[in-house]
Structures are given as C-alpha cells and as structure tokens.
file final-v7.cif (mmCIF, C-alpha atoms and all ligand atoms)
data_coords
loop_
_atom_site.label_atom_id
_atom_site.label_comp_id
_atom_site.auth_asym_id
_atom_site.auth_seq_id
_atom_site.Cartn_x
_atom_site.Cartn_y
_atom_site.Cartn_z
CA MET A 48 0.00 0.00 0.00
CA GLU A 49 1.28 3.41 -0.92
CA TYR A 50 -0.75 5.65 1.36
CA ALA A 51 -1.11 5.35 5.11
CA ILE A 52 -3.85 7.98 5.21
CA GLU A 53 -6.30 9.14 2.54
CA VAL A 54 -8.67 12.02 3.25
CA GLU A 55 -11.27 13.11 0.72
CA GLY A 56 -13.71 16.00 1.04
CA LEU A 57 -13.58 16.02 4.85
CA THR A 58 -15.83 18.55 6.56
CA LYS A 59 -16.66 19.09 10.24
CA LEU A 60 -19.32 21.53 11.36
CA TYR A 61 -19.86 22.74 14.91
CA GLY A 62 -23.18 24.52 14.56
CA ASP A 63 -22.50 27.24 12.00
CA LEU A 64 -18.73 26.97 12.36
CA LYS A 65 -16.93 25.11 9.59
CA ALA A 66 -14.02 23.87 11.70
CA VAL A 67 -12.85 21.72 8.78
CA ASN A 68 -14.00 22.75 5.35
CA ASN A 69 -13.86 20.17 2.55
CA ILE A 70 -10.22 19.14 2.79
CA SER A 71 -8.46 16.37 0.86
CA PHE A 72 -4.91 15.06 1.22
CA LYS A 73 -2.85 11.88 1.35
CA VAL A 74 -0.02 10.76 3.61
CA ARG A 75 2.52 8.31 2.21
CA GLU A 76 3.62 5.29 4.19
CA GLY A 77 6.85 5.93 6.09
CA GLU A 78 6.86 9.70 5.79
CA VAL A 79 6.66 12.47 8.36
CA PHE A 80 3.67 14.56 7.36
CA ALA A 81 3.30 17.96 9.01
CA PHE A 82 -0.07 19.61 9.37
CA LEU A 83 0.96 23.20 9.91
CA GLY A 84 -1.41 25.95 10.95
CA PRO A 85 -2.19 28.61 13.55
CA ASN A 86 -4.48 28.26 16.59
CA GLY A 87 -8.00 27.26 15.69
CA ALA A 88 -7.12 26.26 12.12
CA GLY A 89 -8.78 22.85 12.48
CA LYS A 90 -5.72 20.66 13.09
CA THR A 91 -6.93 18.78 16.17
CA THR A 92 -10.42 18.33 14.76
CA THR A 93 -8.98 16.77 11.60
CA VAL A 94 -6.47 14.57 13.36
CA GLU A 95 -9.02 13.30 15.90
CA ILE A 96 -11.42 12.38 13.07
CA ILE A 97 -8.63 10.39 11.42
CA GLU A 98 -7.90 8.73 14.78
CA THR A 99 -11.60 7.70 14.90
CA ILE A 100 -12.15 9.75 18.07
CA ARG A 101 -14.49 12.36 16.53
CA ASN A 102 -17.08 11.81 13.81
CA PRO A 103 -16.90 13.72 10.53
CA THR A 104 -19.86 15.69 9.21
CA LYS A 105 -18.97 14.71 5.66
CA GLY A 106 -16.17 13.09 3.69
CA LYS A 107 -14.19 9.88 3.36
CA VAL A 108 -11.15 8.90 5.41
CA LYS A 109 -9.05 5.76 5.14
CA VAL A 110 -6.26 4.76 7.51
CA LEU A 111 -4.02 1.91 6.35
CA GLY A 112 -6.74 1.04 3.86
CA TYR A 113 -9.46 0.85 6.54
CA ASP A 114 -12.50 3.10 6.35
CA ILE A 115 -12.94 5.13 9.57
CA SER A 116 -16.71 4.71 9.46
CA LYS A 117 -16.50 0.91 9.43
CA SER A 118 -13.23 -0.32 10.92
CA THR A 119 -12.67 1.69 14.11
CA ARG A 120 -11.31 -1.33 16.04
CA GLU A 121 -8.75 -2.29 13.40
CA ILE A 122 -7.55 1.29 13.06
CA LYS A 123 -7.21 1.86 16.82
CA GLU A 124 -5.04 -1.25 17.16
CA ARG A 125 -2.65 -0.02 14.49
CA ILE A 126 -2.22 3.64 15.37
CA GLY A 127 -0.50 5.48 18.21
CA VAL A 128 -1.79 8.77 19.54
CA LEU A 129 -0.27 11.63 21.50
CA PRO A 130 -3.16 14.04 22.18
CA GLN A 131 -2.62 17.79 22.43
CA GLU A 132 -1.64 18.88 25.97
CA PHE A 133 -1.55 15.26 27.14
CA ILE A 134 -0.97 14.59 30.84
CA SER A 135 -0.33 11.15 32.31
CA PHE A 136 -0.62 9.63 35.79
CA GLU A 137 1.37 11.82 38.17
CA ARG A 138 2.51 9.12 40.57
CA LEU A 139 3.46 6.35 38.18
CA THR A 140 7.06 5.92 37.08
CA VAL A 141 7.94 6.05 33.40
CA LYS A 142 8.14 2.27 33.24
CA GLU A 143 4.89 1.73 35.16
CA THR A 144 3.18 4.21 32.85
CA LEU A 145 4.31 2.38 29.73
CA THR A 146 3.32 -0.99 31.22
CA TYR A 147 -0.15 0.32 32.06
CA PHE A 148 -0.80 1.67 28.55
CA SER A 149 0.72 -1.37 26.92
CA ASN A 150 -1.77 -3.65 28.71
CA LEU A 151 -4.68 -1.84 27.05
CA TYR A 152 -3.75 -3.32 23.68
CA LYS A 153 -3.71 -6.79 22.14
CA LYS A 154 -0.37 -6.22 20.42
CA HIS A 155 2.59 -5.09 22.51
CA ALA A 156 5.90 -3.53 21.61
CA ASP A 157 8.87 -4.27 23.84
CA ILE A 158 8.81 -1.60 26.55
CA ASP A 159 12.57 -1.69 27.04
CA GLU A 160 13.06 -1.07 23.34
CA ILE A 161 10.72 1.92 23.47
CA ILE A 162 12.61 3.28 26.49
CA ASP A 163 15.84 3.10 24.48
CA THR A 164 14.32 4.52 21.28
CA ILE A 165 12.95 7.56 23.10
CA ASP A 166 16.06 7.84 25.24
CA LEU A 167 14.32 7.49 28.62
CA ARG A 168 16.62 4.90 30.22
CA ASP A 169 17.93 7.35 32.86
CA LYS A 170 14.39 8.22 33.86
CA GLU A 171 12.61 4.87 33.75
CA ASN A 172 12.09 4.79 37.53
CA GLU A 173 11.28 8.48 37.89
CA LEU A 174 7.72 9.55 38.75
CA TYR A 175 5.95 11.29 35.88
CA MET A 176 5.23 14.32 38.10
CA ASN A 177 8.96 14.91 38.65
CA LEU A 178 9.85 15.07 34.94
CA SER A 179 10.55 18.27 33.01
CA GLY A 180 8.09 19.37 30.31
CA GLY A 181 10.29 17.96 27.55
CA LEU A 182 10.62 14.58 29.26
CA LYS A 183 6.86 14.44 29.87
CA GLN A 184 6.31 14.94 26.15
CA ARG A 185 8.81 12.22 25.35
CA VAL A 186 6.92 9.87 27.70
CA GLY A 187 3.81 10.87 25.72
CA VAL A 188 5.54 9.85 22.48
CA ALA A 189 6.65 6.58 24.15
CA ILE A 190 3.05 5.85 25.22
CA ALA A 191 1.98 6.30 21.59
CA LEU A 192 4.33 3.41 20.70
CA VAL A 193 3.17 0.72 23.17
CA ASN A 194 1.07 -1.17 20.61
CA ASP A 195 3.84 -1.07 17.99
CA PRO A 196 1.72 1.11 15.69
CA ASP A 197 2.29 1.69 11.98
CA VAL A 198 1.03 5.27 12.11
CA ILE A 199 1.73 7.71 14.94
CA PHE A 200 -0.19 10.92 15.50
CA LEU A 201 1.51 13.66 17.48
CA ASP A 202 -0.66 16.71 18.14
CA GLU A 203 1.62 19.69 18.85
CA PRO A 204 4.26 17.62 20.66
CA THR A 205 6.58 20.55 21.41
CA THR A 206 4.27 23.43 22.27
CA GLY A 207 5.59 25.32 25.28
CA LEU A 208 8.95 23.55 25.36
CA ASP A 209 12.28 25.36 25.41
CA PRO A 210 14.50 24.97 22.31
CA ARG A 211 16.67 22.25 23.87
CA ALA A 212 13.73 20.09 24.95
CA ARG A 213 12.09 20.68 21.58
CA ARG A 214 15.23 19.37 19.87
CA ASP A 215 15.09 16.19 21.99
CA VAL A 216 11.49 15.55 20.96
CA TRP A 217 12.50 16.14 17.32
CA ASP A 218 15.23 13.52 17.69
CA ALA A 219 12.64 11.06 18.99
CA VAL A 220 10.38 11.76 15.99
CA ALA A 221 13.29 11.40 13.56
CA GLY A 222 14.02 8.02 15.22
CA LEU A 223 10.48 6.82 14.53
CA LYS A 224 10.81 7.69 10.87
CA LYS A 225 14.04 5.69 10.73
CA GLN A 226 12.09 2.68 12.00
CA GLY A 227 9.77 3.05 9.03
CA LYS A 228 6.80 4.45 10.96
CA THR A 229 4.45 6.97 9.40
CA VAL A 230 4.23 10.11 11.53
CA PHE A 231 1.38 12.61 11.36
CA LEU A 232 2.53 15.72 13.15
CA THR A 233 0.44 18.77 13.84
CA THR A 234 2.27 21.94 14.73
CA HIS A 235 2.19 25.70 14.57
CA TYR A 236 5.99 25.90 14.59
CA MET A 237 7.32 26.36 11.08
CA GLU A 238 10.82 25.33 12.22
CA GLU A 239 9.40 21.99 13.33
CA ALA A 240 7.81 21.34 9.95
CA GLU A 241 10.97 22.55 8.18
CA TYR A 242 13.19 20.28 10.25
CA LEU A 243 11.11 17.09 10.37
CA ALA A 244 8.61 16.89 7.57
CA ASP A 245 8.86 15.11 4.23
CA SER A 246 5.66 16.82 3.20
CA ILE A 247 3.69 19.68 4.64
CA ALA A 248 0.06 20.73 4.39
CA ILE A 249 -0.75 24.24 5.53
CA ILE A 250 -4.19 24.59 7.10
CA HIS A 251 -5.88 27.93 7.68
CA LYS A 252 -9.49 28.48 8.82
CA GLY A 253 -10.45 24.88 8.08
CA ARG A 254 -9.00 24.80 4.58
CA ILE A 255 -5.76 23.47 3.17
CA VAL A 256 -4.18 26.46 1.48
CA ALA A 257 -1.00 24.75 0.22
CA GLU A 258 0.63 21.35 0.19
CA GLY A 259 3.98 19.93 -0.87
CA THR A 260 7.57 19.38 0.18
CA LEU A 261 9.38 22.27 1.84
CA ASP A 262 11.22 23.01 -1.41
CA GLU A 263 8.02 22.97 -3.42
CA LEU A 264 6.29 25.34 -1.01
CA LEU A 265 9.22 27.74 -0.93
CA ARG A 266 9.54 27.71 -4.70
CA GLN A 267 5.83 28.24 -5.29
CA TYR A 268 4.87 30.61 -2.51
CA GLY A 269 8.06 31.99 -0.99
CA HIS A 270 9.35 35.45 -1.76
CA GLN A 271 12.72 35.97 -3.28
CA SER A 272 15.61 36.23 -0.87
CA THR A 273 16.39 39.56 0.70
CA LEU A 274 19.79 41.23 0.80
CA LEU A 275 20.33 43.42 3.84
CA ILE A 276 22.95 46.15 3.55
CA LYS A 277 23.96 47.51 6.93
CA GLY A 278 26.00 50.53 7.92
CA GLY A 279 26.79 53.42 5.61
CA LYS A 280 24.33 56.01 4.35
CA ALA A 281 21.12 54.08 3.80
CA GLY A 282 19.51 56.85 1.75
CA GLU A 283 22.44 57.09 -0.62
CA ILE A 284 22.71 53.30 -1.05
CA ALA A 285 18.97 52.83 -1.64
CA GLY A 286 18.91 55.78 -4.07
CA ALA A 287 21.80 54.45 -6.15
CA LEU A 288 20.28 50.96 -6.36
CA LYS A 289 16.78 52.20 -7.17
CA LYS A 290 18.22 54.25 -10.01
CA ASP A 291 19.58 51.04 -11.41
CA GLY A 292 16.23 49.28 -11.25
CA TYR A 293 16.59 47.32 -8.00
CA SER A 294 13.73 47.18 -5.50
CA ALA A 295 15.70 48.72 -2.66
CA GLU A 296 14.03 50.01 0.49
CA GLU A 297 15.27 51.79 3.58
CA THR A 298 14.23 50.08 6.81
CA ASN A 299 15.55 50.96 10.28
CA GLY A 300 18.65 52.58 8.89
CA ASN A 301 19.47 49.54 6.72
CA VAL A 302 18.73 48.86 3.09
CA GLU A 303 16.68 45.85 2.02
CA VAL A 304 16.89 44.62 -1.55
CA LYS A 305 14.69 41.83 -2.90
CA ILE A 306 16.80 39.57 -5.08
CA SER A 307 15.44 37.06 -7.53
CA LYS A 308 18.60 35.45 -8.83
CA ARG A 309 21.56 34.38 -6.75
CA ASP A 310 24.13 36.27 -8.84
CA ALA A 311 22.20 39.50 -8.38
CA VAL A 312 23.95 39.89 -5.01
CA ILE A 313 27.29 40.14 -6.75
CA ASP A 314 25.86 42.62 -9.26
CA ILE A 315 24.55 44.80 -6.46
CA LEU A 316 27.80 44.80 -4.50
CA PHE A 317 29.81 45.43 -7.64
CA HIS A 318 27.52 48.31 -8.49
CA LEU A 319 28.11 49.90 -5.07
CA LYS A 320 31.86 49.36 -5.32
CA GLU A 321 32.01 51.00 -8.74
CA LYS A 322 30.24 54.06 -7.38
CA GLY A 323 32.49 54.12 -4.33
CA ILE A 324 29.54 53.81 -1.97
CA TYR A 325 30.49 52.60 1.51
CA TYR A 326 28.60 50.00 3.60
CA ARG A 327 29.70 48.03 6.64
CA GLU A 328 28.25 44.55 6.18
CA ILE A 329 25.70 42.46 4.32
CA ASP A 330 23.32 39.73 5.32
CA ILE A 331 21.17 37.49 3.15
CA ARG A 332 17.80 36.28 4.39
CA HIS A 333 16.20 33.37 2.54
CA SER A 334 12.45 32.90 2.51
CA ASP A 335 10.98 30.37 4.92
CA LEU A 336 7.60 28.88 5.73
CA GLU A 337 6.68 32.04 7.61
CA ASP A 338 6.89 33.94 4.29
CA VAL A 339 4.94 31.19 2.55
CA PHE A 340 2.17 31.46 5.14
CA LEU A 341 2.14 35.25 4.98
CA ASN A 342 1.97 35.23 1.19
CA LEU A 343 -0.88 32.72 1.19
CA THR A 344 -3.03 34.18 3.94
CA GLY A 345 -1.88 37.74 4.52
CA GLU A 346 -1.43 36.76 8.18
CA LYS A 347 1.50 35.86 10.37
CA LEU A 348 1.83 32.26 11.49
CA LYS A 349 3.90 33.06 14.53
CA GLU A 350 2.06 34.27 17.57
CA GLU A 351 3.32 37.61 18.80
CA THR A 352 4.87 37.11 22.20
N1 LIG B 1 -16.01 20.20 20.20
C1 LIG B 1 -16.09 21.41 19.68
N2 LIG B 1 -17.21 22.14 19.72
C2 LIG B 1 -17.30 23.37 19.16
N3 LIG B 1 -16.28 23.97 18.52
C3 LIG B 1 -15.13 23.29 18.44
C4 LIG B 1 -14.95 22.00 19.01
N4 LIG B 1 -13.70 21.58 18.77
C5 LIG B 1 -13.10 22.58 18.10
N5 LIG B 1 -13.94 23.60 17.89
C6 LIG B 1 -13.64 24.85 17.14
O1 LIG B 1 -13.21 24.46 15.86
C7 LIG B 1 -12.11 25.27 15.41
C8 LIG B 1 -10.92 24.40 15.12
O2 LIG B 1 -10.43 23.88 16.36
P1 LIG B 1 -9.19 22.89 16.45
O3 LIG B 1 -9.04 22.56 17.88
O4 LIG B 1 -9.40 21.78 15.51
O5 LIG B 1 -8.01 23.81 15.92
P2 LIG B 1 -6.44 23.60 16.05
O6 LIG B 1 -5.87 23.91 14.72
O7 LIG B 1 -6.14 22.28 16.64
O8 LIG B 1 -6.01 24.76 17.05
P3 LIG B 1 -4.86 24.80 18.21
O9 LIG B 1 -3.58 25.16 17.51
O10 LIG B 1 -5.33 25.89 19.10
O11 LIG B 1 -4.84 23.47 18.86
C9 LIG B 1 -11.89 26.29 16.52
O12 LIG B 1 -12.59 27.46 16.18
C10 LIG B 1 -12.49 25.62 17.73
O13 LIG B 1 -12.93 26.57 18.67
MG MG B 2 -5.13 21.66 18.28
#
call {"tool": "encode", "arguments": {"input": "final-v7.cif", "output": "structure tokens"}}
result
Amino acid sequence: MEYAIEVEGLTKLYGDLKAVNNISFKVREGEVFAFLGPNGAGKTTTVEIIETIRNPTKGKVKVLGYDISKSTREIKERIGVLPQEFISFERLTVKETLTYFSNLYKKHADIDEIIDTIDLRDKENELYMNLSGGLKQRVGVAIALVNDPDVIFLDEPTTGLDPRARRDVWDAVAGLKKQGKTVFLTTHYMEEAEYLADSIAIIHKGRIVAEGTLDELLRQYGHQSTLLIKGGKAGEIAGALKKDGYSAEETNGNVEVKISKRDAVIDILFHLKEKGIYYREIDIRHSDLEDVFLNLTGEKLKEET
C-alpha cells in the first residue's frame, strides 16, 4: 500500500462553524507529514477524526486502507496517539506508565526497546510528576508506541517547550521515521515542519491552502531572498540601487533589496563598489515557511509574544 492515510472532502461543522471545510490530502507510508497551521485552524479536529475519536460531518477517510466509518477497532489497534496537551498519571514511574498503557492493547511492543528509542533509560524509575516538560512529552511519544503502531499521530508535541527540549522531541520523531513508521505531526511551529517533515500541508481556517515538500512550497509561494545592507548612508545606497532598477528600500537605517537570482547579489555589491559607496556589512535572508504562510493568507503564522 502506498498511502497510510487518505482524506477526501472532509468537513466538520460545529453549529454554523466550519471547523474543517472540505479538505483532501494523502499521507505516504513511512513519511513524516506535518499539518501546519495557527491556533484554531482545524488541526486537532482533523487529526481526531482520522484517529476515529471524533465523527466527521462529511467526507471519506481511510487509515491503512481501513474506512474510519467501518473499521474503528482495526484502526485503533494499528495507530499510536499523542493528544494535544496530554498529561499522564502523576505518581506512576515512566516504566509503570508504559506498562499500564501497553496492557490496554492486544499487540505489545517491547517496553525496554521503546525506552531506548525515546532515550528514557535514565528516567525509567522516575515519577511522571517529577519530569521536566520535555521529558513528559517524550513519555507521551513513548506511550503512543506501546502497541507497535504503523502510524503515529503527534498533536503539537513541542508546544511550550524550550529549544533544547524541543530538539530532543524532534530527535525522537526522527528516530520513529528511521524505524519506518508513518508520523502525522500537527504543529504551529514552522521550524518543526521545516526540520522534520517530508511533506507539509498548511491549514488555515479549516481549509488546506497549500501542500507539498518544503522546497516545493518555498519555490511556489516563498518570496525571493532579501539582501540586507547595513551601515553606511542608507539613503544614498537605496537611491543608487533604485536608479539602477533594483527594488531597494530603507528600513531601520538599513537597506533591504529583494533579489530574484543568486548572482544578483554580486551585481549589487559590484555596483556599489564601482560608485564608491560605503557599507559596513551584508546579510542574506532566505524565505521560509513564515513567508509562505504570509503570502498565502496575509497573516502571520507566529504568535506575537
Ligand atoms: N467540540 C467542539 N465544539 C465546538 N467547537 C469546536 C470544538 N472543537 C473545536 N472547535 C472549534 O473548531 C475550530 C478548530 O479547532 P481545532 O481545535 O481543531 O483547531 P487547532 O488547529 O487544533 O487549534 P490549536 O492550535 O489551538 O490546537 C476552533 O474554532 C475551535 O474553537
Ligand atoms: Mg489543536
């Protein structure tokens, strides 16, 4: 089978609210698929329908070839789930926790193997309540593995974690992919999707606004790169470049130039040198998923903090 998940025309209404609005996509077996979108976009609703936890209003969903409306049991046995903001039993150790969850299923993975995969050996006898946020999330990922699932759903596994702890969770996810598991990741962190995902679907207000690999999304919806020229007389630099047809703008005392071709940077610097115009340093900023999101929706993906 080529696809682990197939979603066609999925819609979920809550009263008048179209939480999920006629979306279709496919997830290939063995890939990390990122469902990227801001708060309230419809990520959890979609993922919990696929997990057979919520019912759809309309549409068809297949998981590992099984229809969610008919084969709930079969699907539940073969998937692993880390719910958003998951909390486990406070006073169970890591190992007791995994043993408890493991016993809920017919099929069991080896708990010691999971502990090694998720790098929890040092903490196996620690109470859940004494773990840091990052370790708690890793225990959550470990719980999602107790039935040796083929598809693992992780709903915002790193929200609220510091960069170091986030990195550790990313390592755990990358490890799952290496084992051949399919991972369905929802996130509102573009860095997470950039770092982990083989393919990305961007969801906004219940609709998928773009889908593809990171490269495809950047190529299709990203801006050109931006050259930042710092130091020197910004007005003079911007004026000289504008005269020559470049889209140069003064911002905060620096000059920003949108560049479409890589060799344009050399042209610009050569141009300034020829005219004897001084600057102190340059910086090049490439477009990222944040630009893609902004271009598609006119909104920022990142929450202002
Ligand atoms: N059970 C429910 N009843 C009514 N409205 C709901 C319900 N669940 C979700 N919603 C609404 O549906 C929309 C999508 O919610 P959802 O939780 O799927 O978004 P999300 O992308 O997961 O957001 P977040 O990043 O905050 O987790 C939101 O407007 C939410 O308030
Ligand atoms: Mg959510």
call {"tool": "residues_near_ligand", "arguments": {"input": "final-v7.cif", "ligand": "ligand MG 2 (chain B)", "cutoff": "12 Å", "atoms": "all atoms listed in the file", "output": "JSON, numbers by chain"}}
result
{"A": [66, 82, 83, 84, 85, 86, 87, 88, 89, 90, 91, 92, 93, 94, 95, 129, 130, 131, 132, 133, 201, 202, 203, 204, 206, 232, 233, 234, 235, 250, 253]}
call {"tool": "atom_distance", "arguments": {"input": "final-v7.cif", "atom1": "atom CA of A:His333", "atom2": "atom CA of A:Leu265"}}
result
9.6 Å
call {"tool": "closest_residue", "arguments": {"input": "final-v7.cif", "among": "A:Val74, A:Leu343, A:Ala240, A:Ile158", "to": "A:Ala257", "atoms": "all atoms listed in the file"}}
result
A:Leu343
call {"tool": "residues_around", "arguments": {"input": "final-v7.cif", "residues": "A:Lys117", "least_positions_apart": "5", "cutoff": "12 Å", "atoms": "only C-alpha atoms", "output": "PyMOL selection string"}}
result
chain A and resi 99+102+107-110+112+122-123
call {"tool": "closest_atom_pairs", "arguments": {"input": "final-v7.cif", "of": "stretch 180-199 of chain A", "to": "stretch 75-79 of chain A", "cutoff": "12 Å", "atoms": "all atoms listed in the file", "output": "JSON lines"}}
result
{"residue": "A:Pro196", "atom": "CA", "partner": "A:Gly77", "partner_atom": "CA", "distance": 11.9}
{"residue": "A:Asp197", "atom": "CA", "partner": "A:Gly77", "partner_atom": "CA", "distance": 8.6}
{"residue": "A:Val198", "atom": "CA", "partner": "A:Glu76", "partner_atom": "CA", "distance": 8.3}
{"residue": "A:Ile199", "atom": "CA", "partner": "A:Val79", "partner_atom": "CA", "distance": 9.5}
call {"tool": "closest_atom_pairs", "arguments": {"input": "final-v7.cif", "of": "stretch 140-209 of chain A", "to": "stretch 213-223 of chain A", "cutoff": "12 Å", "atoms": "only C-alpha atoms", "output": "CSV"}}
result
residue,atom,partner,partner_atom,distance
A:Ile161,CA,A:Leu223,CA,10.2
A:Ile162,CA,A:Ala219,CA,10.8
A:Asp163,CA,A:Ala219,CA,10.2
A:Thr164,CA,A:Gly222,CA,7.0
A:Ile165,CA,A:Ala219,CA,5.4
A:Asp166,CA,A:Ala219,CA,7.8
A:Leu167,CA,A:Ala219,CA,10.4
A:Ser179,CA,A:Arg213,CA,11.8
A:Gly180,CA,A:Arg213,CA,9.7
A:Gly181,CA,A:Arg213,CA,6.8
A:Leu182,CA,A:Val216,CA,8.4
A:Lys183,CA,A:Val216,CA,10.1
A:Gln184,CA,A:Val216,CA,7.4
A:Arg185,CA,A:Val216,CA,6.1
A:Val186,CA,A:Val216,CA,9.9
A:Gly187,CA,A:Val216,CA,10.2
A:Val188,CA,A:Ala219,CA,8.0
A:Ala189,CA,A:Ala219,CA,9.1
A:Ala191,CA,A:Leu223,CA,11.1
A:Leu192,CA,A:Leu223,CA,9.4
A:Asp195,CA,A:Leu223,CA,10.9
A:Pro196,CA,A:Leu223,CA,10.5
A:Asp197,CA,A:Leu223,CA,10.0
A:Val198,CA,A:Leu223,CA,9.9
A:Ile199,CA,A:Leu223,CA,8.8
A:Phe200,CA,A:Val220,CA,10.6
A:Leu201,CA,A:Val220,CA,9.2
A:Glu203,CA,A:Arg213,CA,10.9
A:Pro204,CA,A:Val216,CA,7.5
A:Thr205,CA,A:Arg213,CA,5.5
A:Thr206,CA,A:Arg213,CA,8.3
A:Gly207,CA,A:Arg213,CA,8.8
A:Leu208,CA,A:Arg213,CA,5.7
A:Asp209,CA,A:Arg213,CA,6.1
call {"tool": "write_last_selection", "arguments": {"input": "final-v7.cif", "atoms": "C-alpha atoms", "output": "PDB file, keeping the file's coordinate frame"}}
result
ATOM      1  CA  ILE A 161      10.720   1.920  23.470  1.00  0.00           C
ATOM      2  CA  ILE A 162      12.610   3.280  26.490  1.00  0.00           C
ATOM      3  CA  ASP A 163      15.840   3.100  24.480  1.00  0.00           C
ATOM      4  CA  THR A 164      14.320   4.520  21.280  1.00  0.00           C
ATOM      5  CA  ILE A 165      12.950   7.560  23.100  1.00  0.00           C
ATOM      6  CA  ASP A 166      16.060   7.840  25.240  1.00  0.00           C
ATOM      7  CA  LEU A 167      14.320   7.490  28.620  1.00  0.00           C
ATOM      8  CA  SER A 179      10.550  18.270  33.010  1.00  0.00           C
ATOM      9  CA  GLY A 180       8.090  19.370  30.310  1.00  0.00           C
ATOM     10  CA  GLY A 181      10.290  17.960  27.550  1.00  0.00           C
ATOM     11  CA  LEU A 182      10.620  14.580  29.260  1.00  0.00           C
ATOM     12  CA  LYS A 183       6.860  14.440  29.870  1.00  0.00           C
ATOM     13  CA  GLN A 184       6.310  14.940  26.150  1.00  0.00           C
ATOM     14  CA  ARG A 185       8.810  12.220  25.350  1.00  0.00           C
ATOM     15  CA  VAL A 186       6.920   9.870  27.700  1.00  0.00           C
ATOM     16  CA  GLY A 187       3.810  10.870  25.720  1.00  0.00           C
ATOM     17  CA  VAL A 188       5.540   9.850  22.480  1.00  0.00           C
ATOM     18  CA  ALA A 189       6.650   6.580  24.150  1.00  0.00           C
ATOM     19  CA  ALA A 191       1.980   6.300  21.590  1.00  0.00           C
ATOM     20  CA  LEU A 192       4.330   3.410  20.700  1.00  0.00           C
ATOM     21  CA  ASP A 195       3.840  -1.070  17.990  1.00  0.00           C
ATOM     22  CA  PRO A 196       1.720   1.110  15.690  1.00  0.00           C
ATOM     23  CA  ASP A 197       2.290   1.690  11.980  1.00  0.00           C
ATOM     24  CA  VAL A 198       1.030   5.270  12.110  1.00  0.00           C
ATOM     25  CA  ILE A 199       1.730   7.710  14.940  1.00  0.00           C
ATOM     26  CA  PHE A 200      -0.190  10.920  15.500  1.00  0.00           C
ATOM     27  CA  LEU A 201       1.510  13.660  17.480  1.00  0.00           C
ATOM     28  CA  GLU A 203       1.620  19.690  18.850  1.00  0.00           C
ATOM     29  CA  PRO A 204       4.260  17.620  20.660  1.00  0.00           C
ATOM     30  CA  THR A 205       6.580  20.550  21.410  1.00  0.00           C
ATOM     31  CA  THR A 206       4.270  23.430  22.270  1.00  0.00           C
ATOM     32  CA  GLY A 207       5.590  25.320  25.280  1.00  0.00           C
ATOM     33  CA  LEU A 208       8.950  23.550  25.360  1.00  0.00           C
ATOM     34  CA  ASP A 209      12.280  25.360  25.410  1.00  0.00           C
TER      35      ASP A 209
END
call {"tool": "closest_residue", "arguments": {"input": "final-v7.cif", "among": "A:Val128, A:Val54, A:Ile249, A:Leu341", "to": "ligand LIG 1 (chain B)", "atoms": "all atoms listed in the file"}}
result
A:Ile249
call {"tool": "closest_residue", "arguments": {"input": "final-v7.cif", "among": "A:Tyr236, A:Phe148, A:Val230, A:Thr273", "to": "ligand LIG 1 (chain B)", "atoms": "all atoms listed in the file"}}
result
A:Tyr236
call {"tool": "axis_aligned_box", "arguments": {"input": "final-v7.cif", "around": "ligand LIG 1 (chain B)", "padding_each_side": "8 Å", "output": "JSON"}}
result
{"center_x": -10.4, "center_y": 23.8, "center_z": 17.5, "size_x": 29.7, "size_y": 23.3, "size_z": 21.5}
call {"tool": "closest_residue", "arguments": {"input": "final-v7.cif", "among": "A:Leu348, A:Leu151, A:Ala244, A:Ala287", "to": "ligand LIG 1 (chain B)", "atoms": "only C-alpha atoms and all ligand atoms"}}
result
A:Leu348
call {"tool": "closest_residue", "arguments": {"input": "final-v7.cif", "among": "A:Tyr147, A:Gly56, A:Arg138, A:Lys252", "to": "ligand LIG 1 (chain B)", "atoms": "all atoms listed in the file"}}
result
A:Lys252
call {"tool": "residues_near_point", "arguments": {"input": "final-v7.cif", "point": "(24.4, 58.6, 0.5)", "cutoff": "12 Å", "atoms": "all atoms listed in the file", "output": "list in words"}}
result
Gly278, Gly279, Lys280, Ala281, Gly282, Glu283, Ile284, Ala285, Gly286, Ala287, Leu288, Glu297, Gly300, Val302, Leu319, Lys322, Gly323, Ile324, Tyr325 and Tyr326 of chain A
call {"tool": "write_last_selection", "arguments": {"input": "final-v7.cif", "atoms": "C-alpha atoms", "output": "PDB file, in the frame of the given file"}}
result
ATOM      1  CA  GLY A 278      26.000  50.530   7.920  1.00  0.00           C
ATOM      2  CA  GLY A 279      26.790  53.420   5.610  1.00  0.00           C
ATOM      3  CA  LYS A 280      24.330  56.010   4.350  1.00  0.00           C
ATOM      4  CA  ALA A 281      21.120  54.080   3.800  1.00  0.00           C
ATOM      5  CA  GLY A 282      19.510  56.850   1.750  1.00  0.00           C
ATOM      6  CA  GLU A 283      22.440  57.090  -0.620  1.00  0.00           C
ATOM      7  CA  ILE A 284      22.710  53.300  -1.050  1.00  0.00           C
ATOM      8  CA  ALA A 285      18.970  52.830  -1.640  1.00  0.00           C
ATOM      9  CA  GLY A 286      18.910  55.780  -4.070  1.00  0.00           C
ATOM     10  CA  ALA A 287      21.800  54.450  -6.150  1.00  0.00           C
ATOM     11  CA  LEU A 288      20.280  50.960  -6.360  1.00  0.00           C
ATOM     12  CA  GLU A 297      15.270  51.790   3.580  1.00  0.00           C
ATOM     13  CA  GLY A 300      18.650  52.580   8.890  1.00  0.00           C
ATOM     14  CA  VAL A 302      18.730  48.860   3.090  1.00  0.00           C
ATOM     15  CA  LEU A 319      28.110  49.900  -5.070  1.00  0.00           C
ATOM     16  CA  LYS A 322      30.240  54.060  -7.380  1.00  0.00           C
ATOM     17  CA  GLY A 323      32.490  54.120  -4.330  1.00  0.00           C
ATOM     18  CA  ILE A 324      29.540  53.810  -1.970  1.00  0.00           C
ATOM     19  CA  TYR A 325      30.490  52.600   1.510  1.00  0.00           C
ATOM     20  CA  TYR A 326      28.600  50.000   3.600  1.00  0.00           C
TER      21      TYR A 326
END
call {"tool": "atom_distance", "arguments": {"input": "final-v7.cif", "atom1": "atom CA of A:Ile313", "atom2": "atom CA of A:Val339"}}
result
25.8 Å
call {"tool": "closest_residue", "arguments": {"input": "final-v7.cif", "among": "A:Asp335, A:Lys225, A:Leu243, A:Phe231", "to": "A:Tyr268", "atoms": "all atoms listed in the file"}}
result
A:Asp335
